[in-house]
Structure formats: structure tokens, C-alpha cells
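Here is the file work_34.cif (mmCIF, C-alpha atoms and all ligand atoms).
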data_my_file
loop_
_atom_site.label_atom_id
_atom_site.label_comp_id
_atom_site.auth_asym_id
_atom_site.auth_seq_id
_atom_site.Cartn_x
_atom_site.Cartn_y
_atom_site.Cartn_z
CA MET A 1 -4.82 -11.45 -18.25
CA SER A 2 -4.46 -14.83 -16.56
CA ALA A 3 -2.84 -15.55 -13.22
CA PRO A 4 0.58 -17.17 -13.30
CA THR A 5 0.36 -20.73 -12.03
CA GLY A 6 1.68 -21.65 -8.58
CA VAL A 7 1.52 -18.04 -7.51
CA ASN A 8 1.88 -16.99 -3.89
CA ALA A 9 -1.16 -15.13 -2.70
CA ARG A 10 -0.39 -13.28 0.54
CA LEU A 11 1.28 -10.16 -0.64
CA VAL A 12 2.13 -6.62 0.34
CA LEU A 13 2.70 -3.91 -2.23
CA LEU A 14 5.22 -1.22 -1.25
CA GLY A 15 6.21 1.94 -3.04
CA PRO A 16 6.14 5.72 -2.70
CA PRO A 17 2.95 7.74 -3.07
CA GLY A 18 2.29 8.18 -6.78
CA ALA A 19 4.14 5.03 -7.88
CA GLY A 20 0.83 3.59 -9.10
CA LYS A 21 0.18 1.17 -6.23
CA GLY A 22 -3.59 1.65 -6.19
CA THR A 23 -4.01 1.10 -9.92
CA GLN A 24 -1.69 -1.89 -9.97
CA ALA A 25 -3.09 -3.41 -6.77
CA ALA A 26 -6.58 -3.53 -8.27
CA ARG A 27 -5.28 -5.20 -11.44
CA LEU A 28 -3.07 -7.70 -9.63
CA ALA A 29 -5.79 -8.59 -7.16
CA GLN A 30 -8.15 -9.38 -10.00
CA SER A 31 -5.57 -11.43 -11.78
CA LEU A 32 -4.60 -13.36 -8.64
CA ASP A 33 -8.20 -13.64 -7.41
CA VAL A 34 -7.51 -12.13 -3.99
CA PRO A 35 -8.96 -8.96 -2.41
CA ALA A 36 -6.94 -5.75 -2.71
CA ILE A 37 -6.94 -4.12 0.71
CA SER A 38 -5.95 -0.46 0.65
CA THR A 39 -5.73 1.21 4.06
CA GLY A 40 -5.83 4.64 2.35
CA ASP A 41 -9.06 3.71 0.52
CA ILE A 42 -10.65 2.44 3.73
CA PHE A 43 -9.72 5.68 5.51
CA ARG A 44 -11.07 7.82 2.65
CA ALA A 45 -14.36 5.87 2.57
CA ASN A 46 -14.75 6.41 6.31
CA ILE A 47 -13.99 10.12 6.04
CA LYS A 48 -16.53 10.43 3.25
CA GLY A 49 -19.11 8.45 5.20
CA GLY A 50 -18.60 10.58 8.32
CA THR A 51 -17.92 7.59 10.58
CA GLN A 52 -16.15 7.75 13.93
CA LEU A 53 -13.06 6.21 12.33
CA GLY A 54 -13.23 8.84 9.59
CA ARG A 55 -13.33 11.65 12.13
CA THR A 56 -10.38 10.13 13.99
CA VAL A 57 -8.12 9.84 10.94
CA GLN A 58 -9.07 12.92 8.93
CA GLU A 59 -6.57 15.31 10.50
CA TYR A 60 -3.70 12.88 9.86
CA THR A 61 -4.52 12.03 6.26
CA ALA A 62 -5.10 15.69 5.37
CA ARG A 63 -1.59 16.56 6.61
CA GLY A 64 0.07 13.53 5.04
CA GLU A 65 0.99 12.13 8.45
CA LEU A 66 0.64 8.47 9.29
CA VAL A 67 -2.50 7.61 11.22
CA PRO A 68 -1.51 6.25 14.66
CA ASP A 69 -0.58 2.56 14.60
CA SER A 70 -3.19 1.64 17.22
CA VAL A 71 -5.97 2.79 14.88
CA THR A 72 -4.49 1.40 11.66
CA ASN A 73 -3.47 -1.96 13.11
CA ALA A 74 -6.90 -2.61 14.61
CA MET A 75 -8.54 -1.84 11.30
CA VAL A 76 -6.22 -4.15 9.35
CA ARG A 77 -6.65 -6.92 11.91
CA ASP A 78 -10.44 -6.78 11.43
CA ARG A 79 -10.17 -6.67 7.66
CA LEU A 80 -7.80 -9.64 7.46
CA ALA A 81 -10.17 -11.68 9.64
CA GLN A 82 -12.90 -11.46 7.00
CA ASP A 83 -13.63 -14.58 4.96
CA ASP A 84 -12.53 -13.23 1.60
CA ALA A 85 -8.97 -12.74 2.92
CA ALA A 86 -8.58 -16.29 4.25
CA GLU A 87 -6.87 -17.68 1.14
CA GLY A 88 -4.95 -14.59 0.15
CA PHE A 89 -4.82 -10.82 -0.03
CA LEU A 90 -2.89 -7.97 -1.51
CA LEU A 91 -2.20 -5.21 1.00
CA ASP A 92 -1.72 -1.77 -0.52
CA GLY A 93 -0.39 0.91 1.84
CA TYR A 94 0.19 -1.39 4.81
CA PRO A 95 2.58 -1.96 6.51
CA ARG A 96 3.92 1.59 6.47
CA ASN A 97 6.54 1.45 9.25
CA VAL A 98 8.61 -1.15 11.06
CA ALA A 99 6.11 -1.48 13.93
CA GLN A 100 3.35 -2.31 11.43
CA VAL A 101 5.58 -5.01 9.92
CA ALA A 102 5.74 -6.65 13.35
CA GLU A 103 1.99 -6.25 13.81
CA LEU A 104 1.26 -7.86 10.44
CA ASP A 105 3.54 -10.77 11.40
CA ALA A 106 1.56 -11.16 14.63
CA ILE A 107 -1.85 -10.96 12.94
CA LEU A 108 -0.83 -13.59 10.40
CA SER A 109 0.89 -15.96 12.81
CA GLU A 110 -2.10 -15.90 15.17
CA SER A 111 -4.18 -17.33 12.36
CA GLY A 112 -1.47 -19.74 11.18
CA ARG A 113 -0.62 -17.72 8.10
CA THR A 114 2.62 -16.23 6.76
CA LEU A 115 3.43 -13.55 4.22
CA ASP A 116 4.53 -14.85 0.83
CA LEU A 117 6.04 -11.80 -0.77
CA ALA A 118 6.63 -8.04 -0.55
CA VAL A 119 6.62 -6.33 -3.92
CA GLU A 120 8.19 -2.89 -4.12
CA LEU A 121 7.08 -0.66 -6.96
CA THR A 122 9.94 1.77 -7.53
CA ALA A 123 9.66 5.29 -8.95
CA ASP A 124 11.76 8.44 -9.03
CA PRO A 125 10.51 11.03 -6.47
CA GLU A 126 10.29 13.86 -9.02
CA VAL A 127 8.25 11.69 -11.38
CA VAL A 128 5.81 10.84 -8.62
CA VAL A 129 5.37 14.49 -7.60
CA GLU A 130 4.37 15.26 -11.19
CA ARG A 131 1.96 12.31 -11.30
CA LEU A 132 0.35 13.27 -8.02
CA LEU A 133 -0.10 16.88 -9.08
CA ARG A 134 -1.88 15.63 -12.20
CA ARG A 135 -4.03 13.28 -10.10
CA ALA A 136 -4.94 16.22 -7.86
CA GLN A 137 -6.56 17.94 -10.82
CA ILE A 138 -8.59 14.82 -11.66
CA GLU A 139 -9.54 13.39 -8.27
CA GLY A 140 -9.26 16.43 -6.01
CA ARG A 141 -7.75 14.49 -3.13
CA GLU A 142 -7.23 16.67 -0.10
CA ASP A 143 -3.67 15.37 0.42
CA ASP A 144 -2.52 15.97 -3.18
CA THR A 145 -1.33 19.57 -2.76
CA GLU A 146 2.37 20.07 -3.49
CA ASP A 147 3.35 20.72 0.15
CA VAL A 148 1.49 17.69 1.43
CA ILE A 149 2.80 15.52 -1.43
CA ARG A 150 6.39 16.45 -0.53
CA HIS A 151 5.68 15.74 3.10
CA ARG A 152 4.18 12.33 2.24
CA LEU A 153 7.33 11.54 0.27
CA ASP A 154 9.48 12.50 3.30
CA VAL A 155 7.34 10.32 5.55
CA TYR A 156 7.74 7.50 3.04
CA ALA A 157 11.53 7.90 2.93
CA GLU A 158 11.87 8.05 6.71
CA GLN A 159 9.31 5.54 7.91
CA THR A 160 8.27 3.28 5.05
CA ALA A 161 11.32 2.82 2.80
CA PRO A 162 13.27 1.02 5.59
CA ILE A 163 10.75 -1.82 5.64
CA ALA A 164 11.84 -2.93 2.17
CA GLN A 165 15.17 -3.89 3.76
CA VAL A 166 13.39 -5.81 6.51
CA TYR A 167 11.63 -7.92 3.87
CA ALA A 168 14.81 -8.18 1.78
CA ASP A 169 16.63 -9.63 4.81
CA ARG A 170 13.94 -12.31 4.98
CA GLY A 171 14.33 -13.08 1.27
CA LEU A 172 10.78 -11.88 0.62
CA LEU A 173 11.39 -8.71 -1.43
CA VAL A 174 11.04 -8.26 -5.16
CA GLN A 175 11.46 -4.85 -6.80
CA VAL A 176 9.65 -3.82 -9.95
CA ASP A 177 10.13 -0.63 -11.97
CA GLY A 178 6.89 1.34 -11.68
CA ILE A 179 7.62 3.71 -14.55
CA GLY A 180 5.95 2.87 -17.87
CA GLU A 181 2.56 2.17 -19.37
CA VAL A 182 0.01 0.76 -16.93
CA ASP A 183 -0.27 -2.58 -18.81
CA GLU A 184 3.49 -2.90 -19.10
CA VAL A 185 3.95 -2.41 -15.34
CA THR A 186 1.18 -4.94 -14.58
CA GLN A 187 2.95 -7.50 -16.76
CA ARG A 188 6.25 -6.81 -14.98
CA LEU A 189 4.56 -7.30 -11.62
CA LEU A 190 2.86 -10.55 -12.63
CA ALA A 191 6.12 -11.85 -14.04
CA ALA A 192 8.02 -10.94 -10.85
CA ILE A 193 5.37 -12.56 -8.62
CA GLY A 194 5.12 -15.64 -10.84
CA ARG A 195 8.87 -16.20 -10.75
CA ARG A 196 8.78 -16.71 -7.00
P1 LIG B 1 -2.57 6.23 0.60
O1 LIG B 1 -3.87 6.22 -0.11
O2 LIG B 1 -1.98 4.84 0.77
O3 LIG B 1 -1.59 7.20 0.01
O4 LIG B 1 -2.86 6.74 2.09
C1 LIG B 1 -3.41 8.02 2.33
C2 LIG B 1 -3.19 8.41 3.77
O5 LIG B 1 -3.84 7.48 4.64
C3 LIG B 1 -1.73 8.42 4.23
O6 LIG B 1 -1.07 9.62 3.91
C4 LIG B 1 -1.90 8.26 5.75
O7 LIG B 1 -2.34 9.46 6.33
C5 LIG B 1 -3.06 7.26 5.81
N1 LIG B 1 -2.57 5.87 5.81
C6 LIG B 1 -2.77 4.94 4.83
N2 LIG B 1 -2.20 3.77 5.17
C7 LIG B 1 -1.64 3.94 6.38
C8 LIG B 1 -0.89 3.13 7.26
N3 LIG B 1 -0.59 1.86 6.95
N4 LIG B 1 -0.46 3.66 8.44
C9 LIG B 1 -0.77 4.92 8.78
N5 LIG B 1 -1.44 5.77 7.99
C10 LIG B 1 -1.88 5.30 6.79
#

What is this structure when it is put down as C-alpha cells?
Ligand code: AMP
Amino acid sequence: MSAPTGVNARLVLLGPPGAGKGTQAARLAQSLDVPAISTGDIFRANIKGGTQLGRTVQEYTARGELVPDSVTNAMVRDRLAQDDAAEGFLLDGYPRNVAQVAELDAILSESGRTLDLAVELTADPEVVVERLLRRAQIEGREDDTEDVIRHRLDVYAEQTAPIAQVYADRGLLVQVDGIGEVDEVTQRLLAAIGRR
């Protein structure tokens, strides 16, 4: 898979839990030669490693609640200051509410950068519940029980879905259908990003 030419490289990937963001973010990042930065993965690694950050966030992630912005924003600020993110990045799972959108704007503008594109991976809520229940059997994630999945979808609808409109108003949003074979969805995403 080769990167489309003239591609924009500072991207956020939006979409409900279970839409396939993690899988697609890893593939896109490789194709675009930028780091995929997943706030959920960073939290899980810290919980697993028993760090202070892990202890702070564990109760939120287990319940499917958003981790407080003060914690999440500081972590993303540090991560985006690292050298590998200087030329581009693909954020997966951040921003997750309108306040985080403003924080990302601030982080980027302080270092003379701007966001190129927000890509929304769309998926029907019932399809994603099924996918997440299947993933639960494979990965055993603590937040993949049916109750917590439904709560995460509610949190997404209330707090995260509105940010797609914020990016749409800026002319930065593209939407891509997340239902289909993994390769097919990757090709759709690369085509949508390359068209910009
Ligand atoms: P994810 O792997 O993206 O589904 O994230 C798993 C969990 O990590 C979420 O349910 C939240 O508890 C937490 N989390 C991930 N990203 C964020 C964020 N940007 N803001 C707040 N909490 C987050």
C-alpha cells in the first residue's frame, strides 16, 4: 500500500467505539509514515504497567467514562511534543469532546502547527455493539462488557459526536463508511485523505 501523493499529515480519526479506528489508524499511519497516537492505548499501557497515570485513569476507563480533560490533555501535549510527531501524526481517540478540540488547537498553534483533516469513520451502533462483544471474547478488555459498551456509545453520542460538526464547520471533515472488509475500509480512507 503506498501513500497518496501530496497527502496532509496532521490528522484526527473520529468514530464510535467499535468502528475499527484502532485497526485503521495503525494501517493509515504506516501508509502515511506518521505515528498513530491512541490515547486509549496509552492509558491501557499505563494501567498494565501500574504507573501513577494508570492508577489515576483506571476507574474511568473501566466504567467507560471519559478520563478528566486535565489528565488527558497533559498527556497528549507531551506526546505531540516528541520528535516523531513533528512532521505529522494520526490521533486516534482524541479529541473526544469540544473542550479537547480547543486544547488540541492550542497545543498545535503554540508550536506553529495546524490540523489538516478530521476523518470520521461511521458505523451503525448495533453493528459496533456486536463487534465489541466479539472483541471482548478475543482481547478480554475490561470495558467491553455489554453495559459498559452501551455506556461508551452514549458518551460518544453526547460528548464526541458533536465535534464532527465543529470540524465540518471549518471545512476539515471527511466521512468514511467503516463497515466492510478491513482492506476495503483502508482503501476508502486513503482515497478520502488523498482527495483533500
Ligand atoms: P478507546 O481505546 O479509544 O476506546 O479508549 C478507552 C477509554 O480510554 C475510554 O473509554 C476513556 O475512558 C479513555 N479515553 C481514551 N481517550 C480519551 C480521551 N480523549 N478523553 C478522555 N478519556 C479517554

Exercise. Quick one: residues within 7 Å of ligand LIG 1 (chain B), with all atoms listed in the file, as a PyMOL selection string?
Worked result: chain A and resi 17+38-41+43+60-62+64-69+72+92-96+152

If I wrap all listed atoms of region 20-25 of chain A in a box with edges along x, y and z and add 3 Å on each side, what are its centre and edge lengths in Å to one decimal, as AutoDock Vina command-line options?
--center_x -1.6 --center_y 0.1 --center_z -8.1 --size_x 10.8 --size_y 13.0 --size_z 9.8

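The space separating CA of Gln159 (chain A) from CA of Ala102 (chain A) comes to 13.8 Å.
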
Problem set entry | CA of Arg188 (chain A) to CA of Asp84 (chain A), distance in Å rounded to a single decimal | 25.9 Å

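Proximity of A:Leu80, A:Leu90, A:Val174, A:Leu115 to Ser31 (chain A), computed with all atoms listed in the file, is greatest for A:Leu90.
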
Using the partial input, fill out region 8-19 of chain A with all heavy atoms; write the result as a PDB file, keeping the file's coordinate frame.
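For reference, result.pdb as written:
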ATOM      1  N   ASN A   8       2.086 -17.195  -5.320  1.00  0.00           N
ATOM      2  CA  ASN A   8       1.880 -16.990  -3.890  1.00  0.00           C
ATOM      3  C   ASN A   8       0.858 -15.879  -3.713  1.00  0.00           C
ATOM      4  O   ASN A   8       0.871 -14.894  -4.420  1.00  0.00           O
ATOM      5  CB  ASN A   8       3.197 -16.566  -3.230  1.00  0.00           C
ATOM      6  CG  ASN A   8       4.225 -17.664  -3.303  1.00  0.00           C
ATOM      7  OD1 ASN A   8       3.938 -18.797  -2.980  1.00  0.00           O
ATOM      8  ND2 ASN A   8       5.418 -17.320  -3.741  1.00  0.00           N
ATOM      9  N   ALA A   9      -0.004 -16.016  -2.726  1.00  0.00           N
ATOM     10  CA  ALA A   9      -1.160 -15.130  -2.700  1.00  0.00           C
ATOM     11  C   ALA A   9      -1.269 -14.198  -1.506  1.00  0.00           C
ATOM     12  O   ALA A   9      -2.227 -13.459  -1.418  1.00  0.00           O
ATOM     13  CB  ALA A   9      -2.421 -15.948  -2.832  1.00  0.00           C
ATOM     14  N   ARG A  10      -0.319 -14.238  -0.574  1.00  0.00           N
ATOM     15  CA  ARG A  10      -0.390 -13.280   0.540  1.00  0.00           C
ATOM     16  C   ARG A  10       0.723 -12.262   0.338  1.00  0.00           C
ATOM     17  O   ARG A  10       1.888 -12.535   0.607  1.00  0.00           O
ATOM     18  CB  ARG A  10      -0.248 -13.996   1.884  1.00  0.00           C
ATOM     19  CG  ARG A  10      -1.425 -14.884   2.145  1.00  0.00           C
ATOM     20  CD  ARG A  10      -1.434 -15.499   3.518  1.00  0.00           C
ATOM     21  NE  ARG A  10      -2.526 -16.450   3.576  1.00  0.00           N
ATOM     22  CZ  ARG A  10      -2.387 -17.767   3.468  1.00  0.00           C
ATOM     23  NH1 ARG A  10      -1.183 -18.307   3.366  1.00  0.00           N
ATOM     24  NH2 ARG A  10      -3.435 -18.547   3.485  1.00  0.00           N
ATOM     25  N   LEU A  11       0.291 -11.114  -0.135  1.00  0.00           N
ATOM     26  CA  LEU A  11       1.280 -10.160  -0.640  1.00  0.00           C
ATOM     27  C   LEU A  11       1.107  -8.787  -0.035  1.00  0.00           C
ATOM     28  O   LEU A  11      -0.015  -8.369   0.278  1.00  0.00           O
ATOM     29  CB  LEU A  11       1.129 -10.002  -2.156  1.00  0.00           C
ATOM     30  CG  LEU A  11       1.010 -11.248  -3.016  1.00  0.00           C
ATOM     31  CD1 LEU A  11       0.714 -10.854  -4.462  1.00  0.00           C
ATOM     32  CD2 LEU A  11       2.295 -12.043  -2.963  1.00  0.00           C
ATOM     33  N   VAL A  12       2.225  -8.057   0.076  1.00  0.00           N
ATOM     34  CA  VAL A  12       2.130  -6.620   0.340  1.00  0.00           C
ATOM     35  C   VAL A  12       2.776  -5.885  -0.823  1.00  0.00           C
ATOM     36  O   VAL A  12       3.764  -6.347  -1.396  1.00  0.00           O
ATOM     37  CB  VAL A  12       2.792  -6.193   1.684  1.00  0.00           C
ATOM     38  CG1 VAL A  12       2.167  -6.920   2.861  1.00  0.00           C
ATOM     39  CG2 VAL A  12       4.276  -6.382   1.683  1.00  0.00           C
ATOM     40  N   LEU A  13       2.186  -4.746  -1.155  1.00  0.00           N
ATOM     41  CA  LEU A  13       2.700  -3.910  -2.230  1.00  0.00           C
ATOM     42  C   LEU A  13       3.252  -2.636  -1.602  1.00  0.00           C
ATOM     43  O   LEU A  13       2.513  -1.902  -0.938  1.00  0.00           O
ATOM     44  CB  LEU A  13       1.564  -3.605  -3.209  1.00  0.00           C
ATOM     45  CG  LEU A  13       1.919  -2.910  -4.513  1.00  0.00           C
ATOM     46  CD1 LEU A  13       2.933  -3.709  -5.325  1.00  0.00           C
ATOM     47  CD2 LEU A  13       0.648  -2.696  -5.351  1.00  0.00           C
ATOM     48  N   LEU A  14       4.555  -2.412  -1.791  1.00  0.00           N
ATOM     49  CA  LEU A  14       5.220  -1.220  -1.250  1.00  0.00           C
ATOM     50  C   LEU A  14       5.527  -0.261  -2.382  1.00  0.00           C
ATOM     51  O   LEU A  14       5.567  -0.658  -3.542  1.00  0.00           O
ATOM     52  CB  LEU A  14       6.553  -1.598  -0.598  1.00  0.00           C
ATOM     53  CG  LEU A  14       6.581  -2.720   0.425  1.00  0.00           C
ATOM     54  CD1 LEU A  14       8.034  -3.067   0.771  1.00  0.00           C
ATOM     55  CD2 LEU A  14       5.827  -2.289   1.658  1.00  0.00           C
ATOM     56  N   GLY A  15       5.813   0.981  -2.021  1.00  0.00           N
ATOM     57  CA  GLY A  15       6.210   1.940  -3.040  1.00  0.00           C
ATOM     58  C   GLY A  15       5.765   3.321  -2.641  1.00  0.00           C
ATOM     59  O   GLY A  15       4.782   3.469  -1.910  1.00  0.00           O
ATOM     60  N   PRO A  16       6.475   4.363  -3.109  1.00  0.00           N
ATOM     61  CA  PRO A  16       6.140   5.720  -2.700  1.00  0.00           C
ATOM     62  C   PRO A  16       4.766   6.157  -3.200  1.00  0.00           C
ATOM     63  O   PRO A  16       4.250   5.579  -4.159  1.00  0.00           O
ATOM     64  CB  PRO A  16       7.248   6.570  -3.346  1.00  0.00           C
ATOM     65  CG  PRO A  16       7.761   5.746  -4.470  1.00  0.00           C
ATOM     66  CD  PRO A  16       7.591   4.320  -4.067  1.00  0.00           C
ATOM     67  N   PRO A  17       4.198   7.186  -2.559  1.00  0.00           N
ATOM     68  CA  PRO A  17       2.950   7.740  -3.070  1.00  0.00           C
ATOM     69  C   PRO A  17       3.140   8.117  -4.532  1.00  0.00           C
ATOM     70  O   PRO A  17       4.187   8.659  -4.890  1.00  0.00           O
ATOM     71  CB  PRO A  17       2.734   9.015  -2.226  1.00  0.00           C
ATOM     72  CG  PRO A  17       3.678   8.938  -1.089  1.00  0.00           C
ATOM     73  CD  PRO A  17       4.766   7.956  -1.438  1.00  0.00           C
ATOM     74  N   GLY A  18       2.186   7.788  -5.371  1.00  0.00           N
ATOM     75  CA  GLY A  18       2.290   8.180  -6.780  1.00  0.00           C
ATOM     76  C   GLY A  18       3.002   7.166  -7.650  1.00  0.00           C
ATOM     77  O   GLY A  18       3.128   7.358  -8.863  1.00  0.00           O
ATOM     78  N   ALA A  19       3.454   6.048  -7.065  1.00  0.00           N
ATOM     79  CA  ALA A  19       4.140   5.030  -7.880  1.00  0.00           C
ATOM     80  C   ALA A  19       3.140   4.192  -8.673  1.00  0.00           C
ATOM     81  O   ALA A  19       3.529   3.387  -9.516  1.00  0.00           O
ATOM     82  CB  ALA A  19       5.009   4.131  -6.998  1.00  0.00           C
TER      83      ALA A  19
END
